[in-house]
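Visitor: Input: one structure, supplied below.
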Amino acid sequence: MLEEYIADQASNSDFQLPLTSPAPKVLLHGHCHQKAMGVMSSIKKTLSLLPDTEVEIVETSCCGMAGAFGYGSETHDISRAMAELDLAPAIRKTDKDTLIVADGTSCRHQVADLTMRKPIHMARLLELALKK
């Protein structure tokens with residue numbers, strides 16, 4: 001994964017990422033796959049490379065969407081209830097300047113549908129940090 005590569009190269013003096021702060025704060029929702037594969041530490045390390053940026057990781061399980069699960073007529077309520085345990089309330093508490101990061105496509109849809117916020121992928125976050 002991209003974050004694993006960047007975290008692995010962070011101590012390599014030949015690998016330079018001229019990053020600036022894309023926002024005062026980033027709120028991260030880890031994808032189930034990232035959690036299952038044990039790469040959250042790489043994501044945290046990559047995020048720590050962003051100067052002057054507070055990073056908060058939402059302690060959640062699944063966002064509840066799980067592909068198309070959340071769009072099913074029989075499973076929509078379960079999906080929503082899962083997101084409302086921790087993820088959606090945490091996002092609603094953030095101010096408008098906080099960037100919401102979620103690598104999972106279905107996670108981003110769930111967040112957008114339930115919170116009216118537009119989360120971005122980690123690659124997009126890094127692009128923003130490189131452009132400034």
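Letters for chains follow the order of the structure tokens (A, B, ...), residue numbers begin at 1 for each chain, and ligand numbers begin at 1 in the order shown.
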Asp86 (chain A): which residues within 12 Å, counting only C-alpha atoms, same-chain residues fewer than 3 positions away excluded, as number ranges by chain?

Guide: A: 29, 57-64, 80-83, 89-93, 111

Visitor: If DSSP is run on the backbone, what residues of region 17-123 of chain A are alpha helix (DSSP H)? A reply as an MDAnalysis selection string would be ideal.

Guide: chainID A and resid 32:36 40:47 76:85 87:93 105:115 122:123

Visitor: Compile a residue-level contact table for region 37-76 of chain A against region 10-16 of chain A at a cut-off of 9 Å, reporting for every qualifying residue the shortest atom pair and its distance in Å to one decimal, with only C-alpha atoms counted, rows ordered by chain and ascending number, as JSON lines.

Guide:
{"residue": "A:Lys45", "atom": "CA", "partner": "A:Ala10", "partner_atom": "CA", "distance": 8.5}
{"residue": "A:Thr46", "atom": "CA", "partner": "A:Ala10", "partner_atom": "CA", "distance": 8.0}
{"residue": "A:Leu49", "atom": "CA", "partner": "A:Ala10", "partner_atom": "CA", "distance": 8.2}

Visitor: What's the 10 Å shell around Leu28 (chain A), counting only C-alpha atoms, without same-chain residues fewer than 2 positions away, as a count of residues only?

Guide: 23

Visitor: Between CA of Met1 (chain A) and CA of Ala23 (chain A), what is the distance in Å, rounded to a tenth?

Guide: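 According to the coordinates, CA of Met1 (chain A) and CA of Ala23 (chain A) are separated by 23.2 Å.
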
Visitor: At a cut-off of 9 Å, using only C-alpha atoms, what residues contact Thr20 (chain A)? Leave out same-chain residues fewer than 6 positions from it and give the result as a list in words.

Guide: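 Neighbouring residues, sequence-local ones excluded: Leu49, Leu50, Pro51, Asp52, Thr53, Leu128, Ala129, Leu130, Lys131 and Lys132 of chain A.
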
Visitor: Generate a file of the selected residues that holds C-alpha atoms, formatted as a PDB file, in the first residue's frame.

Guide:
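See result.pdb below for the written result:
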ATOM      1  CA  LEU A  49       5.079  13.507   8.206  1.00  0.00           C
ATOM      2  CA  LEU A  50       2.531  16.309   7.759  1.00  0.00           C
ATOM      3  CA  PRO A  51       3.896  19.358   9.580  1.00  0.00           C
ATOM      4  CA  ASP A  52       1.616  21.478  11.748  1.00  0.00           C
ATOM      5  CA  THR A  53      -1.269  19.047  11.348  1.00  0.00           C
ATOM      6  CA  LEU A 128      -2.925  18.531  -1.275  1.00  0.00           C
ATOM      7  CA  ALA A 129       0.097  18.541   1.042  1.00  0.00           C
ATOM      8  CA  LEU A 130       2.481  18.545  -1.939  1.00  0.00           C
ATOM      9  CA  LYS A 131       0.693  21.310  -3.851  1.00  0.00           C
ATOM     10  CA  LYS A 132       0.906  24.000  -1.188  1.00  0.00           C
TER      11      LYS A 132
END

Visitor: Could you write out, as a list of chain:residue names, all the residues of chain A that DSSP marks as strand (DSSP E)?

Guide: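 After running DSSP on the backbone, chain A has strand (DSSP E) at A:Lys25, A:Val26, A:Leu27, A:Leu28, A:His29, A:Glu54, A:Val55, A:Glu56, A:Ile57, A:Leu99, A:Ile100, A:Val101, A:Ala102.
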